[in-house]
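To keep things clear, I will list the structure first and then write my remarks on it.
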Amino acid sequence: MTTPTGVSIVDIVDRLGMTFLSGGDTVDDARTVSRVTLHEGSGVTQGSAGAVVLGAGLAESADIATAVKEYGSAGAVALIVREPLAVDESVARAVAEADIALLGMVKDASWLQSASLINEILESGNNGDRTSAADADLFHLANSIAQVLNGPVTIENQSSRILAFSADQAFGDEARKQSVLGHQVPQHYSDRLRSMGYFNKIYGSTVPVFLPGIGPGIRPRVGMRIHAASQILGSIWVILDEEPNELQVKTLVEAAGVAAMSLLRAKLAADSARRLRLGEVITLLSGGTSAKEAAERLGYGRSKANVLAAGFRSGAGASLEAEADVDQLALTLNTYLDQVFPLSVAAAIGGTVYAVIPHTRHQTDDDYVRRIASEFADRSRSEKSVVIGIGATVADVMTLEKSRDEADRALRVLRSTWNSSGRTVARADDVQINSLLLRLSDALADENETASGPLAVLREYDRTHDINLVDTLRAWLDTFGDIPAAASLVHIHVNTFRYRLKKLAGIAGIDLDDPETRFSLMLQLRLFYPTAL
């Protein structure tokens, strides 16, 4: 097989990424790959010039070293062996001497899947995009499954987003109809499945799992995982009133394999695009000459620009689900901004989504950027609450790190418990005082400084008597002495609040009529106990 467009092993590694291959970070071979071939044994290298060789059966270091030498001499571009790579001194020496790349294929990936995906890259070239075709394939697959199992079918990703569905959804239950209409399984349904342990059962099984009862009004259904290369890619769901028979089980298992290939193609294409965006965003945020070069590649040179830092109000967390949520936020923000700022770029970096917005349109100014950010945050209110920090506009992309710093500081305040107003978008100037207090609180924590005086007395009293006098004081100060409003904040009766206020003043010796005392207590509460009521 030959390829009409020059595809190198670097291109293949970039497209397949860490989903299938390892060891590609040291590959810089620009030679064109012409075909994929299978290792047939020592000494059999005919027709491997320009090929990627799949080293099925190669496991021992001596065999790998021999294969590297033979295929390197025959002109092969790369040899792929299954992980773990047995790279000892002999293998390392052979790779150093031979003009061939040695790559590892992840343990649970199949040789057939790898060969198919590499062949697709060679056939389509660097710019080939099969995402639309993959979507059509999935809808066709869903209809085929529905015909065999005689039940409405959906194909979903790991976040329960519906990727495809069969045409017979009118015969589904209300939960299914809501899901298809919204292209997403409603959160309360997926939460119920998760709490009942059904997702774990489905993802851990190689055969379909029958769910006889999920809840009132929800018909029984069958779930089948979509799995490839050690990864769960999604699931197939069929509404079925009884357990599937042998033919139906076989159909679902085979269908899951077909769906896995379609989802892998889409995932690899998305991963490749995401890596490119991530590289550009990191380069831009670093500022300097590299940022200028990146901006020129993106088409706006040294124009004015600013940075948005977006995230969820509750923070990102460290779970795989949280990481997927942040990645989805990056994709959504990138798509949204592209409609207004076509040259903008957004990517997720460490739990925060950064977007660089060039001011290439005449109407672009700080107020316009704020309005667009606010519209996006408002659209996200129905799901997880999104907050966005806006960095100052800089005259040159070479100084974008200043805008990023301001966006980070604004986002931190919006995510903190001090964001009592519940605002979703802010510039650093809008929240300067709270930002300064957070930084001062950090410095005090680093020096192990703790609260002293009346506040320390009340804190200890709360600990030993299981009462919340500190919260009582905080509520009174935050409401400027408005006792009914303060009592409402801590959810107690007005008379109970008055009693506690008098009690805490006596215990800690606080003169609540003294303005200096009130200011000191408010400052201490902010710096040492910033938890909101």
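Letters for chains follow the order of the structure tokens (A, B, ...), residue numbers begin at 1 for each chain, and ligand numbers begin at 1 in the order shown.
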Review point. So which residues touch Ala305 (chain A) within 8 Å, counting only C-alpha atoms, skipping near sequence neighbours fewer than 6 positions away, as a count of residues only?
Key: 10
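Residue neighbourhood of Gln248 (chain A), excluding near-sequence residues (fewer than 6 positions): Ser144, Ile145, Ala146, Gln147, Val148, Leu149, Asn150, Gly151, Val207, Pro208, Val209, Phe210, Val222, Met224, Val238, Leu240, Glu242, Glu254 and Ala255 of chain A, at 12 Å, using only C-alpha atoms.
With only C-alpha atoms as the atoms that count, the minimum distance from Ser385 (chain A) to the choices A:Gln363, A:Thr424, A:Ser416, A:Ser290 is reached by A:Thr424.
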Write out as a compact mmCIF listing (two decimals) with C-alpha atoms, in the first residue's frame all residues of region 276-483 of chain A that backbone DSSP assigns to strand (DSSP E or B).
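File written: out_28.txt
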```txt
# COMPACT_ATOMS: atom_id res chain seq x y z
CA ALA A 305 -4.77 39.91 23.32
CA ASN A 306 -5.93 38.77 26.72
CA VAL A 307 -6.35 35.53 28.65
CA LEU A 308 -9.42 33.85 30.12
CA ALA A 309 -9.03 31.29 32.92
CA ALA A 310 -12.13 29.11 33.30
CA GLY A 311 -13.04 26.34 35.70
CA PHE A 312 -15.78 24.92 37.87
CA VAL A 345 -7.52 28.97 21.12
CA ALA A 346 -8.39 27.21 24.41
CA ALA A 347 -6.94 24.20 26.23
CA ALA A 348 -7.03 22.53 29.65
CA ILE A 349 -3.89 22.86 31.76
CA THR A 352 -8.02 25.07 34.51
CA VAL A 353 -9.06 25.94 30.96
CA TYR A 354 -7.07 28.82 29.47
CA ALA A 355 -8.20 30.71 26.39
CA VAL A 356 -6.14 33.28 24.51
CA ILE A 357 -8.29 35.86 22.72
CA PRO A 358 -6.66 38.07 20.06
CA VAL A 386 -18.56 27.64 35.52
CA VAL A 387 -16.55 30.67 36.65
CA ILE A 388 -14.17 32.71 34.50
CA GLY A 389 -11.31 35.02 35.43
CA ILE A 390 -10.40 37.65 32.85
CA VAL A 394 -1.84 43.36 26.75
CA VAL A 425 -17.06 36.34 35.82
CA ALA A 426 -14.53 38.86 37.12
CA ARG A 427 -11.36 40.73 36.29
```
Practice item. Do a neighbour search on Val33 (chain A) at 7 Å with only C-alpha atoms, toss out local chain neighbours closer than 5 positions, and write the hits as a ChimeraX atom specification. Key: /A:7-9,50-52,77
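Across the structure, CA of Pro152 (chain A) and CA of Phe165 (chain A) are spaced 7.7 Å apart.
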Check your understanding: So, counting only C-alpha atoms, which residue among A:Ser90, A:Ile118, A:Leu329, A:Ile236 is closest to Asn143 (chain A)?
Key -> A:Ile236
From region 189-383 of chain A, collect each residue whose DSSP state is alpha helix (DSSP H) and return the set as a short mmCIF file (atom, residue, chain, number, x, y, z; two decimals) with N, CA and C atoms, in the first residue's frame.
```cif
data_model
loop_
_atom_site.label_atom_id
_atom_site.label_comp_id
_atom_site.auth_asym_id
_atom_site.auth_seq_id
_atom_site.Cartn_x
_atom_site.Cartn_y
_atom_site.Cartn_z
N TYR A 189 -30.52 10.05 36.33
CA TYR A 189 -30.54 8.65 35.90
C TYR A 189 -29.14 8.04 35.97
N SER A 190 -28.14 8.76 35.47
CA SER A 190 -26.77 8.22 35.50
C SER A 190 -26.27 8.11 36.94
N ASP A 191 -26.67 9.04 37.80
CA ASP A 191 -26.28 8.95 39.22
C ASP A 191 -26.89 7.70 39.86
N ARG A 192 -28.13 7.39 39.49
CA ARG A 192 -28.79 6.20 40.04
C ARG A 192 -28.07 4.93 39.58
N LEU A 193 -27.70 4.88 38.31
CA LEU A 193 -26.96 3.72 37.78
C LEU A 193 -25.63 3.55 38.49
N ARG A 194 -24.98 4.69 38.74
CA ARG A 194 -23.66 4.64 39.40
C ARG A 194 -23.80 4.19 40.84
N SER A 195 -24.79 4.72 41.56
CA SER A 195 -24.97 4.37 42.97
C SER A 195 -25.37 2.91 43.15
N TYR A 198 -24.15 -0.36 38.72
CA TYR A 198 -24.34 -0.94 37.40
C TYR A 198 -23.21 -0.58 36.43
N PHE A 199 -22.69 0.65 36.52
CA PHE A 199 -21.59 1.02 35.63
C PHE A 199 -20.38 0.12 35.88
N ASN A 200 -20.07 -0.14 37.14
CA ASN A 200 -18.93 -1.01 37.46
C ASN A 200 -19.15 -2.41 36.91
N LYS A 201 -20.38 -2.91 37.02
CA LYS A 201 -20.68 -4.25 36.51
C LYS A 201 -20.51 -4.30 35.00
N ILE A 202 -21.03 -3.30 34.32
CA ILE A 202 -20.96 -3.29 32.86
C ILE A 202 -19.52 -3.13 32.38
N TYR A 203 -18.79 -2.16 32.96
CA TYR A 203 -17.42 -1.91 32.52
C TYR A 203 -16.48 -3.05 32.87
N GLU A 246 -28.68 -16.22 23.37
CA GLU A 246 -27.30 -16.44 22.93
C GLU A 246 -26.96 -15.62 21.68
N LEU A 247 -27.88 -15.60 20.71
CA LEU A 247 -27.65 -14.83 19.50
C LEU A 247 -27.54 -13.35 19.79
N GLN A 248 -28.41 -12.85 20.68
CA GLN A 248 -28.38 -11.42 21.02
C GLN A 248 -27.11 -11.05 21.76
N VAL A 249 -26.63 -11.93 22.64
CA VAL A 249 -25.37 -11.69 23.34
C VAL A 249 -24.22 -11.60 22.35
N LYS A 250 -24.19 -12.55 21.41
CA LYS A 250 -23.14 -12.56 20.40
C LYS A 250 -23.18 -11.28 19.55
N THR A 251 -24.39 -10.87 19.20
CA THR A 251 -24.56 -9.65 18.40
C THR A 251 -24.00 -8.43 19.13
N LEU A 252 -24.32 -8.30 20.43
CA LEU A 252 -23.86 -7.15 21.20
C LEU A 252 -22.34 -7.16 21.37
N VAL A 253 -21.75 -8.32 21.61
CA VAL A 253 -20.29 -8.41 21.76
C VAL A 253 -19.61 -7.99 20.47
N GLU A 254 -20.10 -8.49 19.34
CA GLU A 254 -19.51 -8.11 18.05
C GLU A 254 -19.73 -6.63 17.75
N ALA A 255 -20.92 -6.13 18.08
CA ALA A 255 -21.22 -4.71 17.84
C ALA A 255 -20.31 -3.81 18.67
N ALA A 256 -20.01 -4.23 19.89
CA ALA A 256 -19.13 -3.44 20.74
C ALA A 256 -17.74 -3.33 20.12
N GLY A 257 -17.28 -4.40 19.47
CA GLY A 257 -15.98 -4.34 18.80
C GLY A 257 -15.99 -3.38 17.63
N VAL A 258 -17.09 -3.37 16.87
CA VAL A 258 -17.21 -2.43 15.75
C VAL A 258 -17.27 -0.99 16.26
N ALA A 259 -18.06 -0.78 17.32
CA ALA A 259 -18.18 0.56 17.89
C ALA A 259 -16.85 1.04 18.44
N ALA A 260 -16.06 0.12 19.00
CA ALA A 260 -14.76 0.50 19.56
C ALA A 260 -13.86 1.12 18.50
N MET A 261 -13.88 0.55 17.29
CA MET A 261 -13.05 1.10 16.21
C MET A 261 -13.50 2.50 15.82
N SER A 262 -14.81 2.71 15.74
CA SER A 262 -15.32 4.04 15.40
C SER A 262 -14.97 5.07 16.47
N LEU A 263 -15.16 4.67 17.75
CA LEU A 263 -14.86 5.60 18.83
C LEU A 263 -13.37 5.86 18.96
N LEU A 264 -12.56 4.84 18.67
CA LEU A 264 -11.11 5.05 18.70
C LEU A 264 -10.68 6.04 17.63
N ARG A 265 -11.25 5.93 16.44
CA ARG A 265 -10.90 6.88 15.38
C ARG A 265 -11.25 8.31 15.80
N ALA A 266 -12.45 8.46 16.35
CA ALA A 266 -12.87 9.80 16.78
C ALA A 266 -11.99 10.31 17.93
N LYS A 267 -11.67 9.40 18.86
CA LYS A 267 -10.85 9.79 20.02
C LYS A 267 -9.45 10.20 19.58
N LEU A 268 -8.86 9.43 18.68
CA LEU A 268 -7.50 9.74 18.23
C LEU A 268 -7.46 11.07 17.48
N ALA A 269 -8.49 11.32 16.65
CA ALA A 269 -8.55 12.60 15.94
C ALA A 269 -8.69 13.75 16.92
N ALA A 270 -9.57 13.57 17.93
CA ALA A 270 -9.77 14.63 18.94
C ALA A 270 -8.51 14.82 19.77
N ASP A 271 -7.85 13.72 20.14
CA ASP A 271 -6.62 13.82 20.93
C ASP A 271 -5.54 14.57 20.18
N SER A 272 -5.42 14.30 18.89
CA SER A 272 -4.41 14.97 18.08
C SER A 272 -4.67 16.48 18.03
N ALA A 273 -5.94 16.84 17.79
CA ALA A 273 -6.29 18.27 17.74
C ALA A 273 -6.08 18.93 19.09
N ARG A 274 -6.42 18.18 20.18
CA ARG A 274 -6.27 18.74 21.52
C ARG A 274 -4.79 18.96 21.85
N ARG A 275 -3.93 18.03 21.44
CA ARG A 275 -2.50 18.21 21.71
C ARG A 275 -1.94 19.42 20.99
N LEU A 276 -2.41 19.63 19.75
CA LEU A 276 -1.96 20.81 19.01
C LEU A 276 -2.39 22.09 19.71
N ARG A 277 -3.67 22.13 20.15
CA ARG A 277 -4.16 23.33 20.85
C ARG A 277 -3.40 23.55 22.14
N LEU A 278 -3.17 22.45 22.89
CA LEU A 278 -2.47 22.56 24.16
C LEU A 278 -1.08 23.14 23.95
N GLY A 279 -0.37 22.66 22.93
CA GLY A 279 0.97 23.17 22.65
C GLY A 279 0.96 24.66 22.34
N GLU A 280 -0.02 25.07 21.54
CA GLU A 280 -0.09 26.50 21.18
C GLU A 280 -0.42 27.36 22.40
N VAL A 281 -1.37 26.90 23.23
CA VAL A 281 -1.75 27.69 24.41
C VAL A 281 -0.58 27.81 25.38
N ILE A 282 0.11 26.70 25.64
CA ILE A 282 1.26 26.74 26.55
C ILE A 282 2.32 27.71 26.03
N THR A 283 2.56 27.66 24.72
CA THR A 283 3.56 28.54 24.12
C THR A 283 3.14 30.01 24.24
N LEU A 284 1.87 30.29 23.97
CA LEU A 284 1.39 31.67 24.06
C LEU A 284 1.48 32.20 25.49
N LEU A 285 1.06 31.37 26.46
CA LEU A 285 1.05 31.83 27.85
C LEU A 285 2.45 32.04 28.40
N SER A 286 3.45 31.41 27.79
CA SER A 286 4.83 31.59 28.27
C SER A 286 5.38 32.96 27.89
N GLY A 288 7.06 36.08 25.48
CA GLY A 288 8.35 36.17 24.80
C GLY A 288 8.27 35.88 23.32
N THR A 289 9.44 35.62 22.73
CA THR A 289 9.53 35.40 21.29
C THR A 289 8.74 34.19 20.84
N SER A 290 8.73 33.12 21.66
CA SER A 290 7.99 31.91 21.28
C SER A 290 6.50 32.20 21.16
N ALA A 291 5.96 33.07 22.04
CA ALA A 291 4.54 33.45 21.95
C ALA A 291 4.28 34.22 20.66
N LYS A 292 5.20 35.09 20.29
CA LYS A 292 5.06 35.86 19.04
C LYS A 292 5.02 34.91 17.84
N GLU A 293 5.90 33.91 17.85
CA GLU A 293 5.93 32.95 16.73
C GLU A 293 4.63 32.13 16.68
N ALA A 294 4.13 31.73 17.86
CA ALA A 294 2.88 30.97 17.89
C ALA A 294 1.72 31.82 17.36
N ALA A 295 1.67 33.09 17.76
CA ALA A 295 0.61 33.99 17.29
C ALA A 295 0.69 34.17 15.77
N GLU A 296 1.88 34.21 15.24
CA GLU A 296 2.03 34.34 13.79
C GLU A 296 1.54 33.07 13.09
N ARG A 297 1.81 31.90 13.70
CA ARG A 297 1.30 30.65 13.12
C ARG A 297 -0.23 30.62 13.11
N LEU A 298 -0.82 31.21 14.17
CA LEU A 298 -2.27 31.22 14.30
C LEU A 298 -2.93 32.31 13.49
N LEU A 320 -10.67 10.69 37.38
CA LEU A 320 -10.74 10.62 35.93
C LEU A 320 -12.00 11.32 35.41
N GLU A 321 -13.09 11.21 36.17
CA GLU A 321 -14.33 11.87 35.77
C GLU A 321 -14.16 13.39 35.79
N ALA A 322 -13.46 13.90 36.82
CA ALA A 322 -13.23 15.35 36.90
C ALA A 322 -12.34 15.82 35.75
N GLU A 323 -11.34 15.02 35.43
CA GLU A 323 -10.45 15.36 34.32
C GLU A 323 -11.23 15.40 33.01
N ALA A 324 -12.14 14.45 32.83
CA ALA A 324 -12.96 14.43 31.62
C ALA A 324 -13.87 15.65 31.56
N ASP A 325 -14.39 16.08 32.72
CA ASP A 325 -15.24 17.28 32.76
C ASP A 325 -14.47 18.52 32.33
N VAL A 326 -13.22 18.63 32.79
CA VAL A 326 -12.39 19.79 32.43
C VAL A 326 -12.07 19.76 30.93
N ASP A 327 -11.75 18.56 30.41
CA ASP A 327 -11.49 18.43 28.98
C ASP A 327 -12.72 18.82 28.16
N GLN A 328 -13.89 18.42 28.63
CA GLN A 328 -15.12 18.78 27.93
C GLN A 328 -15.37 20.28 27.99
N LEU A 329 -15.06 20.89 29.15
CA LEU A 329 -15.20 22.34 29.28
C LEU A 329 -14.28 23.05 28.28
N ALA A 330 -13.05 22.55 28.13
CA ALA A 330 -12.11 23.14 27.18
C ALA A 330 -12.65 23.05 25.76
N LEU A 331 -13.19 21.88 25.41
CA LEU A 331 -13.73 21.69 24.06
C LEU A 331 -14.93 22.61 23.83
N THR A 332 -15.80 22.70 24.82
CA THR A 332 -17.00 23.54 24.69
C THR A 332 -16.63 25.01 24.57
N LEU A 333 -15.70 25.47 25.42
CA LEU A 333 -15.28 26.87 25.38
C LEU A 333 -14.59 27.18 24.06
N ASN A 334 -13.76 26.25 23.59
CA ASN A 334 -13.06 26.45 22.33
C ASN A 334 -14.06 26.62 21.19
N THR A 335 -15.08 25.77 21.17
CA THR A 335 -16.11 25.83 20.13
C THR A 335 -16.91 27.12 20.22
N TYR A 336 -17.26 27.52 21.45
CA TYR A 336 -18.06 28.73 21.66
C TYR A 336 -17.30 29.98 21.23
N LEU A 337 -16.04 30.07 21.66
CA LEU A 337 -15.25 31.26 21.32
C LEU A 337 -14.95 31.34 19.83
N ASP A 338 -14.84 30.18 19.18
CA ASP A 338 -14.51 30.17 17.76
C ASP A 338 -15.57 30.89 16.93
N GLN A 339 -16.81 30.93 17.43
CA GLN A 339 -17.88 31.62 16.70
C GLN A 339 -17.71 33.14 16.75
N VAL A 340 -17.06 33.62 17.81
CA VAL A 340 -16.92 35.06 18.00
C VAL A 340 -15.50 35.53 17.71
N ASP A 366 -12.27 45.24 26.33
CA ASP A 366 -12.44 44.52 27.60
C ASP A 366 -13.91 44.24 27.91
N ASP A 367 -14.77 45.22 27.66
CA ASP A 367 -16.20 45.03 27.96
C ASP A 367 -16.82 43.95 27.06
N TYR A 368 -16.39 43.92 25.80
CA TYR A 368 -16.92 42.93 24.87
C TYR A 368 -16.49 41.51 25.28
N VAL A 369 -15.23 41.38 25.67
CA VAL A 369 -14.72 40.08 26.12
C VAL A 369 -15.48 39.63 27.38
N ARG A 370 -15.72 40.58 28.30
CA ARG A 370 -16.46 40.25 29.52
C ARG A 370 -17.87 39.78 29.18
N ARG A 371 -18.52 40.43 28.22
CA ARG A 371 -19.89 40.05 27.85
C ARG A 371 -19.91 38.64 27.27
N ILE A 372 -18.95 38.33 26.42
CA ILE A 372 -18.90 36.99 25.82
C ILE A 372 -18.64 35.94 26.89
N ALA A 373 -17.72 36.24 27.82
CA ALA A 373 -17.42 35.30 28.91
C ALA A 373 -18.64 35.09 29.80
N SER A 374 -19.37 36.17 30.07
CA SER A 374 -20.57 36.07 30.91
C SER A 374 -21.65 35.24 30.24
N GLU A 375 -21.81 35.41 28.93
CA GLU A 375 -22.80 34.62 28.20
C GLU A 375 -22.47 33.13 28.27
N PHE A 376 -21.18 32.81 28.15
CA PHE A 376 -20.77 31.39 28.22
C PHE A 376 -21.03 30.84 29.62
N ALA A 377 -20.66 31.59 30.64
CA ALA A 377 -20.87 31.13 32.02
C ALA A 377 -22.36 30.95 32.31
N ASP A 378 -23.20 31.85 31.80
CA ASP A 378 -24.64 31.74 32.02
C ASP A 378 -25.21 30.50 31.33
N ARG A 379 -24.70 30.18 30.15
CA ARG A 379 -25.16 28.99 29.45
C ARG A 379 -24.81 27.72 30.20
#
```
Exercise for review: Can you pull out every residue within 7 Å of region 169-186 of chain A, counting only C-alpha atoms, but drop anything in the same chain fewer than 6 positions away, and send it as an MDAnalysis selection string?
Suggested key: chainID A and resid 152 160:162 218:219 239
Point to revise | Residue nearest Asp478 (chain A) among A:Arg518, A:Glu83, A:Pro342, A:Leu122 (counting only C-alpha atoms) | key: A:Arg518
Review point. If we count only C-alpha atoms, what is near region 96-102 of chain A at a cut-off of 7 Å, once residues fewer than 3 positions away on the same chain are taken out, given as number ranges by chain?
Key: A: 27, 68-69, 72, 76-80, 92-93
Practice item. With a distance cut-off of 9 Å and only C-alpha atoms, select the neighbouring residues of Arg526 (chain A), excluding the residue or stretch itself and same-chain residues fewer than 6 positions from it, and output the selection as a ChimeraX atom specification. Key: /A:418,434,437-438,441
Take the residues from that selection and write them out as a compact mmCIF listing (two decimals), in the first residue's frame, keeping N, CA, C and O atoms.
```txt
# COMPACT_ATOMS: atom_id res chain seq x y z
N TRP A 418 -14.93 33.06 49.50
CA TRP A 418 -15.14 34.50 49.69
C TRP A 418 -15.99 35.10 48.59
O TRP A 418 -16.32 36.28 48.63
N ASN A 434 -10.02 40.86 47.84
CA ASN A 434 -10.09 39.45 48.20
C ASN A 434 -8.87 38.68 47.70
O ASN A 434 -8.40 37.75 48.35
N LEU A 437 -6.09 39.39 50.10
CA LEU A 437 -6.30 38.69 51.37
C LEU A 437 -5.98 37.20 51.23
O LEU A 437 -5.42 36.59 52.14
N LEU A 438 -6.32 36.62 50.10
CA LEU A 438 -5.99 35.21 49.87
C LEU A 438 -4.49 35.00 49.85
O LEU A 438 -3.97 34.04 50.43
N SER A 441 -3.26 35.32 53.33
CA SER A 441 -3.61 34.11 54.07
C SER A 441 -2.64 32.98 53.76
O SER A 441 -2.24 32.21 54.64
```
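The coordinates place CA of Leu21 (chain A) at 17.1 Å from CA of Leu233 (chain A).
Between CA of Gly75 (chain A) and CA of Ala49 (chain A) the separation is 4.3 Å.
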Practice item. Skip Ile483 (chain A) itself and residues of its chain fewer than 6 positions away, then list as a PyMOL selection string all residues within 10 Å of it, counting only C-alpha atoms. Key: chain A and resi 475-477+489+493-495+497-498+501
